[in-house]
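Below you'll find the structure, written out as structure tokens, and then a few comments.
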Amino acid sequence: MSIYILLGPEEGEKQNWLDREKKRILSEYPDAEMHAFFGGEDEGNMLSEVLSQSSLFSSFRFAVVKHFENAKKTDMLYQAIADFMEEDAEDAELVIISSETNLTSFPKQAQKLKKENVITFWELREDEKKNWIRGYCRKEGFVISQAAIDEILDSVDNNTQEMKNLVSSIILFLRLSDKGKSTIDLEEIETYSSRTKGETGYTLFR
């Protein structure tokens with residue numbers, strides 16, 4: 001049985017960990033089934049079925065439960081997770097992702113997990129966030145000013161997933177509107193904001 005719990009506010013690093021784990025699973029089990037569920041949305045009967053029954057078509061099942069903080073103890077999904085923690089399945093892995101920083105709201109069985117199976121991803125320090133944005137822009141062939149970095153940090157939640165989404169959009173916007181542009185300053189951020197503020201599906205399509 002393999003269970004991992006990913007905690008904390010840093011969504012970007014959680015996603016990186018999940019991507020690496022998926023890649024590892026698929027390298028070992030090329031026919032692995034991949035399933036995603038969401039706390040507070042999925043009833044749990046499908047998760048229970050995936051975790052408790054071996055598949056006829058693959059040698060391994062990989063299930064991810066996102067936004068576990070939205071699940072209630074009365075939900076079937078919560079019970080399905082508790083039941084799986086009592087089992088000894090060798091052909092399945094469960095990854096539970098939550099923005100919480102402790103196991104208080106998890107089934108009591110989670111307390112028995114090994115320390116290496118519960119990973120907390122903390123928010124980056126302010127200087128680390130700035131370096132992350134600077135490094136990401138550099139990889140994309142852009143130089144970004146300190147003023148532009150500060151503006152980006154004022155506009156997003158403090159995790160690398162949000163930063164990546166916004167910076168990627170800005171870079172794409174600059175590549176499409178000014179192909180010779182290789183620097184991002186406050187002026188470019190303001191232009192991007194003003195041009196995309198009232199964007200709709202119809203104007204974007206045009």
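Letters for chains follow the order of the structure tokens (A, B, ...), residue numbers begin at 1 for each chain, and ligand numbers begin at 1 in the order shown.
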Can you pull out the residues contacting Lys130 of chain A? Cut-off 9 Å, using only C-alpha atoms, and skip same-chain residues under 2 positions away; I want them as a ChimeraX atom specification.
/A:125-128,132-135,146,149-150,153
The selected residues should be written to file as a short mmCIF file (atom, residue, chain, number, x, y, z; two decimals), in the first residue's frame (atoms: all heavy atoms).
data_model
loop_
_atom_site.label_atom_id
_atom_site.label_comp_id
_atom_site.auth_asym_id
_atom_site.auth_seq_id
_atom_site.Cartn_x
_atom_site.Cartn_y
_atom_site.Cartn_z
N ARG A 125 9.90 32.14 0.84
CA ARG A 125 10.21 33.45 1.42
C ARG A 125 10.15 34.50 0.32
O ARG A 125 10.18 34.19 -0.86
CB ARG A 125 11.60 33.45 2.06
CG ARG A 125 11.76 32.47 3.21
CD ARG A 125 13.06 32.76 3.96
NE ARG A 125 14.20 32.83 3.05
CZ ARG A 125 14.95 31.77 2.73
NH1 ARG A 125 14.68 30.59 3.22
NH2 ARG A 125 15.97 31.91 1.90
N GLU A 126 10.06 35.76 0.72
CA GLU A 126 9.89 36.85 -0.24
C GLU A 126 11.02 36.89 -1.26
O GLU A 126 10.79 37.05 -2.47
CB GLU A 126 9.81 38.19 0.50
CG GLU A 126 9.20 39.32 -0.30
CD GLU A 126 7.73 39.10 -0.61
OE1 GLU A 126 7.07 38.33 0.12
OE2 GLU A 126 7.24 39.69 -1.58
N ASP A 127 12.26 36.72 -0.81
CA ASP A 127 13.39 36.75 -1.74
C ASP A 127 13.37 35.54 -2.66
O ASP A 127 13.77 35.62 -3.83
CB ASP A 127 14.72 36.84 -0.98
CG ASP A 127 14.91 35.67 -0.03
OD1 ASP A 127 13.93 35.19 0.55
OD2 ASP A 127 16.07 35.22 0.13
N GLU A 128 12.88 34.40 -2.16
CA GLU A 128 12.80 33.20 -2.98
C GLU A 128 11.75 33.36 -4.08
O GLU A 128 11.95 32.89 -5.21
CB GLU A 128 12.45 31.98 -2.12
CG GLU A 128 13.57 31.57 -1.16
CD GLU A 128 13.16 30.44 -0.24
OE1 GLU A 128 11.98 30.39 0.14
OE2 GLU A 128 14.03 29.60 0.10
N TRP A 132 12.46 33.19 -7.97
CA TRP A 132 11.73 32.23 -8.78
C TRP A 132 11.19 32.89 -10.04
O TRP A 132 11.32 32.34 -11.15
CB TRP A 132 10.57 31.64 -7.98
CG TRP A 132 9.90 30.48 -8.65
CD1 TRP A 132 10.16 29.15 -8.46
CD2 TRP A 132 8.89 30.55 -9.66
NE1 TRP A 132 9.36 28.40 -9.28
CE2 TRP A 132 8.57 29.22 -10.03
CE3 TRP A 132 8.21 31.59 -10.29
CZ2 TRP A 132 7.62 28.91 -11.00
CZ3 TRP A 132 7.26 31.30 -11.25
CH2 TRP A 132 6.97 29.98 -11.60
N ILE A 133 10.57 34.06 -9.90
CA ILE A 133 10.03 34.79 -11.06
C ILE A 133 11.16 35.18 -12.00
O ILE A 133 11.06 35.02 -13.23
CB ILE A 133 9.26 36.04 -10.60
CG1 ILE A 133 7.99 35.63 -9.84
CG2 ILE A 133 8.89 36.92 -11.79
CD1 ILE A 133 7.24 36.79 -9.22
N ARG A 134 12.25 35.68 -11.44
CA ARG A 134 13.39 36.10 -12.25
C ARG A 134 13.94 34.91 -13.04
O ARG A 134 14.25 35.02 -14.24
CB ARG A 134 14.46 36.70 -11.33
CG ARG A 134 15.52 37.52 -12.05
CD ARG A 134 16.45 38.19 -11.05
NE ARG A 134 15.80 39.29 -10.36
CZ ARG A 134 15.52 39.30 -9.06
NH1 ARG A 134 15.81 38.25 -8.30
NH2 ARG A 134 14.94 40.35 -8.51
N GLY A 135 14.08 33.76 -12.37
CA GLY A 135 14.62 32.57 -13.02
C GLY A 135 13.69 32.02 -14.09
O GLY A 135 14.13 31.59 -15.15
N GLN A 146 12.74 44.74 -11.21
CA GLN A 146 12.27 44.57 -9.84
C GLN A 146 10.86 45.12 -9.66
O GLN A 146 10.03 44.53 -8.97
CB GLN A 146 13.23 45.27 -8.87
CG GLN A 146 12.90 45.02 -7.40
CD GLN A 146 12.95 43.55 -7.05
OE1 GLN A 146 13.96 42.89 -7.24
NE2 GLN A 146 11.85 43.02 -6.54
N ILE A 149 8.42 42.63 -10.97
CA ILE A 149 8.31 41.50 -10.04
C ILE A 149 7.41 41.86 -8.88
O ILE A 149 6.52 41.09 -8.49
CB ILE A 149 9.71 41.08 -9.53
CG1 ILE A 149 10.53 40.46 -10.67
CG2 ILE A 149 9.58 40.09 -8.37
CD1 ILE A 149 11.95 40.13 -10.29
N ASP A 150 7.60 43.04 -8.31
CA ASP A 150 6.77 43.49 -7.18
C ASP A 150 5.30 43.58 -7.58
O ASP A 150 4.41 43.21 -6.79
CB ASP A 150 7.27 44.85 -6.68
CG ASP A 150 8.64 44.76 -6.03
OD1 ASP A 150 9.03 43.65 -5.61
OD2 ASP A 150 9.32 45.80 -5.95
N LEU A 153 3.85 40.06 -7.74
CA LEU A 153 3.63 39.49 -6.41
C LEU A 153 2.43 40.13 -5.71
O LEU A 153 1.80 39.50 -4.86
CB LEU A 153 4.90 39.65 -5.55
CG LEU A 153 6.08 38.78 -5.99
CD1 LEU A 153 7.31 39.08 -5.13
CD2 LEU A 153 5.72 37.30 -5.88
#
With DSSP run on the backbone, what are the strand (DSSP E or B) residues within segment 13-190 of chain A? I'd like them as a ChimeraX atom specification.
/A:33-38,61-66,92-97,118-120,143-144,183-184
Output C-alpha atoms for every residue in that selection, as a short mmCIF file (atom, residue, chain, number, x, y, z; two decimals), in the first residue's frame.
data_model
loop_
_atom_site.label_atom_id
_atom_site.label_comp_id
_atom_site.auth_asym_id
_atom_site.auth_seq_id
_atom_site.Cartn_x
_atom_site.Cartn_y
_atom_site.Cartn_z
CA GLU A 33 -4.75 3.75 -14.66
CA MET A 34 -4.78 7.42 -13.60
CA HIS A 35 -7.72 8.83 -11.64
CA ALA A 36 -8.42 12.28 -10.14
CA PHE A 37 -11.05 13.15 -7.52
CA PHE A 38 -11.98 16.36 -5.73
CA ARG A 61 -4.09 2.15 -10.16
CA PHE A 62 -2.97 5.66 -9.28
CA ALA A 63 -5.52 7.94 -7.63
CA VAL A 64 -5.21 11.59 -6.63
CA VAL A 65 -7.62 13.41 -4.32
CA LYS A 66 -7.32 17.18 -4.68
CA ALA A 92 -2.57 0.93 -5.99
CA GLU A 93 -1.30 4.29 -4.82
CA LEU A 94 -3.25 7.18 -3.34
CA VAL A 95 -2.06 10.79 -3.17
CA ILE A 96 -4.10 13.25 -1.10
CA ILE A 97 -3.55 16.98 -1.60
CA VAL A 118 3.44 13.19 4.71
CA ILE A 119 5.09 16.14 2.97
CA THR A 120 4.41 19.79 3.78
CA VAL A 143 14.71 39.88 -18.33
CA ILE A 144 12.30 41.29 -15.74
CA THR A 183 12.38 42.76 -21.24
CA ILE A 184 9.46 42.99 -18.84
#
Mind checking which residues fall within 12 Å of Lys181 of chain A, counting only C-alpha atoms, ignoring those fewer than 2 positions away in the same chain, and posting them as an MDAnalysis selection string?
chainID A and resid 140:144 170:179 183:185 188
Could you save those same residues with N, CA, C and O atoms as a PDB file, in the first residue's frame?
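Ended up saving to out_13.pdb:
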ATOM      1  N   GLU A 140      12.664  31.601 -20.153  1.00  0.00           N
ATOM      2  CA  GLU A 140      11.834  31.906 -21.310  1.00  0.00           C
ATOM      3  C   GLU A 140      12.461  32.967 -22.212  1.00  0.00           C
ATOM      4  O   GLU A 140      11.855  33.384 -23.199  1.00  0.00           O
ATOM      5  N   GLY A 141      13.677  33.424 -21.860  1.00  0.00           N
ATOM      6  CA  GLY A 141      14.372  34.387 -22.698  1.00  0.00           C
ATOM      7  C   GLY A 141      14.039  35.838 -22.404  1.00  0.00           C
ATOM      8  O   GLY A 141      14.271  36.715 -23.239  1.00  0.00           O
ATOM      9  N   PHE A 142      13.539  36.120 -21.192  1.00  0.00           N
ATOM     10  CA  PHE A 142      13.167  37.482 -20.820  1.00  0.00           C
ATOM     11  C   PHE A 142      13.925  37.942 -19.576  1.00  0.00           C
ATOM     12  O   PHE A 142      14.274  37.140 -18.708  1.00  0.00           O
ATOM     13  N   VAL A 143      14.153  39.235 -19.521  1.00  0.00           N
ATOM     14  CA  VAL A 143      14.706  39.882 -18.325  1.00  0.00           C
ATOM     15  C   VAL A 143      13.587  40.703 -17.706  1.00  0.00           C
ATOM     16  O   VAL A 143      12.879  41.431 -18.415  1.00  0.00           O
ATOM     17  N   ILE A 144      13.400  40.591 -16.396  1.00  0.00           N
ATOM     18  CA  ILE A 144      12.299  41.289 -15.740  1.00  0.00           C
ATOM     19  C   ILE A 144      12.840  42.227 -14.665  1.00  0.00           C
ATOM     20  O   ILE A 144      13.783  41.898 -13.948  1.00  0.00           O
ATOM     21  N   ILE A 170       1.716  36.688 -19.308  1.00  0.00           N
ATOM     22  CA  ILE A 170       2.371  37.943 -19.687  1.00  0.00           C
ATOM     23  C   ILE A 170       3.374  37.703 -20.804  1.00  0.00           C
ATOM     24  O   ILE A 170       3.429  38.455 -21.796  1.00  0.00           O
ATOM     25  N   ILE A 171       4.169  36.655 -20.677  1.00  0.00           N
ATOM     26  CA  ILE A 171       5.176  36.340 -21.690  1.00  0.00           C
ATOM     27  C   ILE A 171       4.510  36.007 -23.025  1.00  0.00           C
ATOM     28  O   ILE A 171       4.949  36.468 -24.093  1.00  0.00           O
ATOM     29  N   LEU A 172       3.435  35.227 -22.981  1.00  0.00           N
ATOM     30  CA  LEU A 172       2.710  34.896 -24.208  1.00  0.00           C
ATOM     31  C   LEU A 172       2.146  36.156 -24.853  1.00  0.00           C
ATOM     32  O   LEU A 172       2.226  36.335 -26.077  1.00  0.00           O
ATOM     33  N   PHE A 173       1.596  37.042 -24.021  1.00  0.00           N
ATOM     34  CA  PHE A 173       1.049  38.299 -24.515  1.00  0.00           C
ATOM     35  C   PHE A 173       2.125  39.127 -25.220  1.00  0.00           C
ATOM     36  O   PHE A 173       1.907  39.656 -26.313  1.00  0.00           O
ATOM     37  N   LEU A 174       3.311  39.218 -24.622  1.00  0.00           N
ATOM     38  CA  LEU A 174       4.396  40.001 -25.213  1.00  0.00           C
ATOM     39  C   LEU A 174       4.903  39.367 -26.501  1.00  0.00           C
ATOM     40  O   LEU A 174       5.240  40.069 -27.457  1.00  0.00           O
ATOM     41  N   ARG A 175       4.956  38.055 -26.537  1.00  0.00           N
ATOM     42  CA  ARG A 175       5.426  37.383 -27.742  1.00  0.00           C
ATOM     43  C   ARG A 175       4.478  37.603 -28.913  1.00  0.00           C
ATOM     44  O   ARG A 175       4.901  37.693 -30.062  1.00  0.00           O
ATOM     45  N   LEU A 176       3.195  37.674 -28.603  1.00  0.00           N
ATOM     46  CA  LEU A 176       2.213  37.879 -29.661  1.00  0.00           C
ATOM     47  C   LEU A 176       2.097  39.337 -30.081  1.00  0.00           C
ATOM     48  O   LEU A 176       1.858  39.633 -31.260  1.00  0.00           O
ATOM     49  N   SER A 177       2.277  40.260 -29.118  1.00  0.00           N
ATOM     50  CA  SER A 177       2.070  41.678 -29.422  1.00  0.00           C
ATOM     51  C   SER A 177       3.357  42.397 -29.826  1.00  0.00           C
ATOM     52  O   SER A 177       3.317  43.388 -30.546  1.00  0.00           O
ATOM     53  N   ASP A 178       4.489  41.926 -29.347  1.00  0.00           N
ATOM     54  CA  ASP A 178       5.766  42.574 -29.652  1.00  0.00           C
ATOM     55  C   ASP A 178       6.843  41.504 -29.708  1.00  0.00           C
ATOM     56  O   ASP A 178       7.500  41.206 -28.709  1.00  0.00           O
ATOM     57  N   LYS A 179       7.020  40.913 -30.881  1.00  0.00           N
ATOM     58  CA  LYS A 179       7.905  39.750 -31.021  1.00  0.00           C
ATOM     59  C   LYS A 179       9.362  40.050 -30.738  1.00  0.00           C
ATOM     60  O   LYS A 179      10.151  39.156 -30.484  1.00  0.00           O
ATOM     61  N   THR A 183      12.344  42.240 -22.611  1.00  0.00           N
ATOM     62  CA  THR A 183      12.377  42.755 -21.243  1.00  0.00           C
ATOM     63  C   THR A 183      10.944  42.975 -20.750  1.00  0.00           C
ATOM     64  O   THR A 183      10.050  43.295 -21.524  1.00  0.00           O
ATOM     65  N   ILE A 184      10.763  42.769 -19.464  1.00  0.00           N
ATOM     66  CA  ILE A 184       9.458  42.989 -18.839  1.00  0.00           C
ATOM     67  C   ILE A 184       9.630  44.022 -17.745  1.00  0.00           C
ATOM     68  O   ILE A 184      10.339  43.792 -16.767  1.00  0.00           O
ATOM     69  N   ASP A 185       9.003  45.172 -17.931  1.00  0.00           N
ATOM     70  CA  ASP A 185       9.048  46.230 -16.921  1.00  0.00           C
ATOM     71  C   ASP A 185       7.619  46.518 -16.462  1.00  0.00           C
ATOM     72  O   ASP A 185       6.664  45.920 -16.944  1.00  0.00           O
ATOM     73  N   GLU A 188       5.063  47.132 -19.183  1.00  0.00           N
ATOM     74  CA  GLU A 188       4.535  45.956 -19.875  1.00  0.00           C
ATOM     75  C   GLU A 188       3.437  45.277 -19.037  1.00  0.00           C
ATOM     76  O   GLU A 188       2.440  44.797 -19.578  1.00  0.00           O
TER      77      GLU A 188
END
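Close contacts of Pro9 of chain A, defined as residues with an atom at most 10 Å away when counting only C-alpha atoms, with chain neighbours fewer than 4 positions off set aside, comprise A:Glu13, A:Lys14, A:Ser98, A:Ser99, A:Glu100, A:Thr101, A:Thr120, A:Phe121, A:Trp122, A:Glu123, A:Leu124, A:Asp157, A:Asn158, A:Asn159, A:Thr160.
Reported to one decimal place, the separation of atom CA of Ser168 of chain A from atom CA of Ser193 of chain A is 13.5 Å.
In terms of minimum interatomic distance to Phe68 of chain A, A:Gly8 ranks closest within A:Lys108, A:Gln15, A:Gly8, A:Leu51, counting only C-alpha atoms.
For the set A:Met76, A:Ala71, A:Ala147, A:Leu26, the residue with the smallest atom-to-atom gap to Phe106 of chain A is A:Ala71, counting only C-alpha atoms.
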Would you give me, as a ChimeraX atom specification, the residues in segment 10-121 of chain A that DSSP reads as helix (DSSP H, G or I)?
/A:11-28,45-52,68-70,76-86,108-112,115-117
For the residues in the current selection, export C-alpha atoms as a PDB file, in the first residue's frame.
ATOM      1  CA  GLU A  11       0.723  24.586  -4.847  1.00  0.00           C
ATOM      2  CA  GLY A  12       3.442  24.836  -7.489  1.00  0.00           C
ATOM      3  CA  GLU A  13       5.867  22.520  -5.681  1.00  0.00           C
ATOM      4  CA  LYS A  14       3.042  20.100  -4.920  1.00  0.00           C
ATOM      5  CA  GLN A  15       2.279  19.913  -8.644  1.00  0.00           C
ATOM      6  CA  ASN A  16       5.961  19.353  -9.435  1.00  0.00           C
ATOM      7  CA  TRP A  17       6.063  16.480  -6.925  1.00  0.00           C
ATOM      8  CA  LEU A  18       2.884  15.013  -8.403  1.00  0.00           C
ATOM      9  CA  ASP A  19       4.232  15.242 -11.956  1.00  0.00           C
ATOM     10  CA  ARG A  20       7.423  13.417 -10.928  1.00  0.00           C
ATOM     11  CA  GLU A  21       5.439  10.720  -9.118  1.00  0.00           C
ATOM     12  CA  LYS A  22       3.165  10.170 -12.119  1.00  0.00           C
ATOM     13  CA  LYS A  23       6.223   9.842 -14.340  1.00  0.00           C
ATOM     14  CA  ARG A  24       7.762   7.313 -11.945  1.00  0.00           C
ATOM     15  CA  ILE A  25       4.577   5.245 -11.780  1.00  0.00           C
ATOM     16  CA  LEU A  26       4.209   5.179 -15.564  1.00  0.00           C
ATOM     17  CA  SER A  27       7.847   4.159 -15.985  1.00  0.00           C
ATOM     18  CA  GLU A  28       7.246   1.157 -13.710  1.00  0.00           C
ATOM     19  CA  ASN A  45     -18.140   5.646  -4.510  1.00  0.00           C
ATOM     20  CA  MET A  46     -15.903   5.824  -7.587  1.00  0.00           C
ATOM     21  CA  LEU A  47     -12.807   6.356  -5.439  1.00  0.00           C
ATOM     22  CA  SER A  48     -13.781   3.366  -3.307  1.00  0.00           C
ATOM     23  CA  GLU A  49     -14.197   1.256  -6.424  1.00  0.00           C
ATOM     24  CA  VAL A  50     -10.843   2.333  -7.861  1.00  0.00           C
ATOM     25  CA  LEU A  51      -8.954   1.677  -4.630  1.00  0.00           C
ATOM     26  CA  SER A  52     -10.623  -1.578  -3.573  1.00  0.00           C
ATOM     27  CA  PHE A  68      -9.186  17.400   0.498  1.00  0.00           C
ATOM     28  CA  GLU A  69      -9.768  20.394   2.804  1.00  0.00           C
ATOM     29  CA  ASN A  70     -13.241  20.645   1.241  1.00  0.00           C
ATOM     30  CA  MET A  76     -18.224   8.823   1.250  1.00  0.00           C
ATOM     31  CA  LEU A  77     -14.907  10.055  -0.141  1.00  0.00           C
ATOM     32  CA  TYR A  78     -13.597  10.541   3.404  1.00  0.00           C
ATOM     33  CA  GLN A  79     -14.663   7.017   4.328  1.00  0.00           C
ATOM     34  CA  ALA A  80     -13.137   5.546   1.151  1.00  0.00           C
ATOM     35  CA  ILE A  81      -9.785   7.056   2.109  1.00  0.00           C
ATOM     36  CA  ALA A  82     -10.056   5.729   5.681  1.00  0.00           C
ATOM     37  CA  ASP A  83     -10.887   2.238   4.383  1.00  0.00           C
ATOM     38  CA  PHE A  84      -7.924   2.251   1.976  1.00  0.00           C
ATOM     39  CA  MET A  85      -5.585   3.219   4.816  1.00  0.00           C
ATOM     40  CA  GLU A  86      -6.616  -0.003   6.560  1.00  0.00           C
ATOM     41  CA  LYS A 108      -7.147   8.848  12.304  1.00  0.00           C
ATOM     42  CA  GLN A 109      -5.361   6.184  10.253  1.00  0.00           C
ATOM     43  CA  ALA A 110      -3.272   8.968   8.671  1.00  0.00           C
ATOM     44  CA  GLN A 111      -1.369   9.367  11.942  1.00  0.00           C
ATOM     45  CA  LYS A 112       0.184   5.941  11.341  1.00  0.00           C
ATOM     46  CA  LYS A 115       7.026  10.707   8.129  1.00  0.00           C
ATOM     47  CA  GLU A 116       8.330  10.551   4.567  1.00  0.00           C
ATOM     48  CA  ASN A 117       4.771   9.899   3.332  1.00  0.00           C
TER      49      ASN A 117
END
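The gap separating atom CA of Val156 of chain A from atom CA of Tyr192 of chain A is 14.7 Å, in Å to one decimal.
Using only C-alpha atoms, the nearest neighbour of Met163 of chain A within the list A:Leu6, A:Leu56, A:Cys137, A:Leu186 is A:Cys137.
The space between atom CA of Thr191 of chain A and atom CA of Glu10 of chain A spans 28.5 Å.
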Restricting the calculation to only C-alpha atoms: of A:Glu187, A:Asp88, A:Tyr4, A:Lys129, which residue gets closest to Glu162 of chain A?
A:Lys129
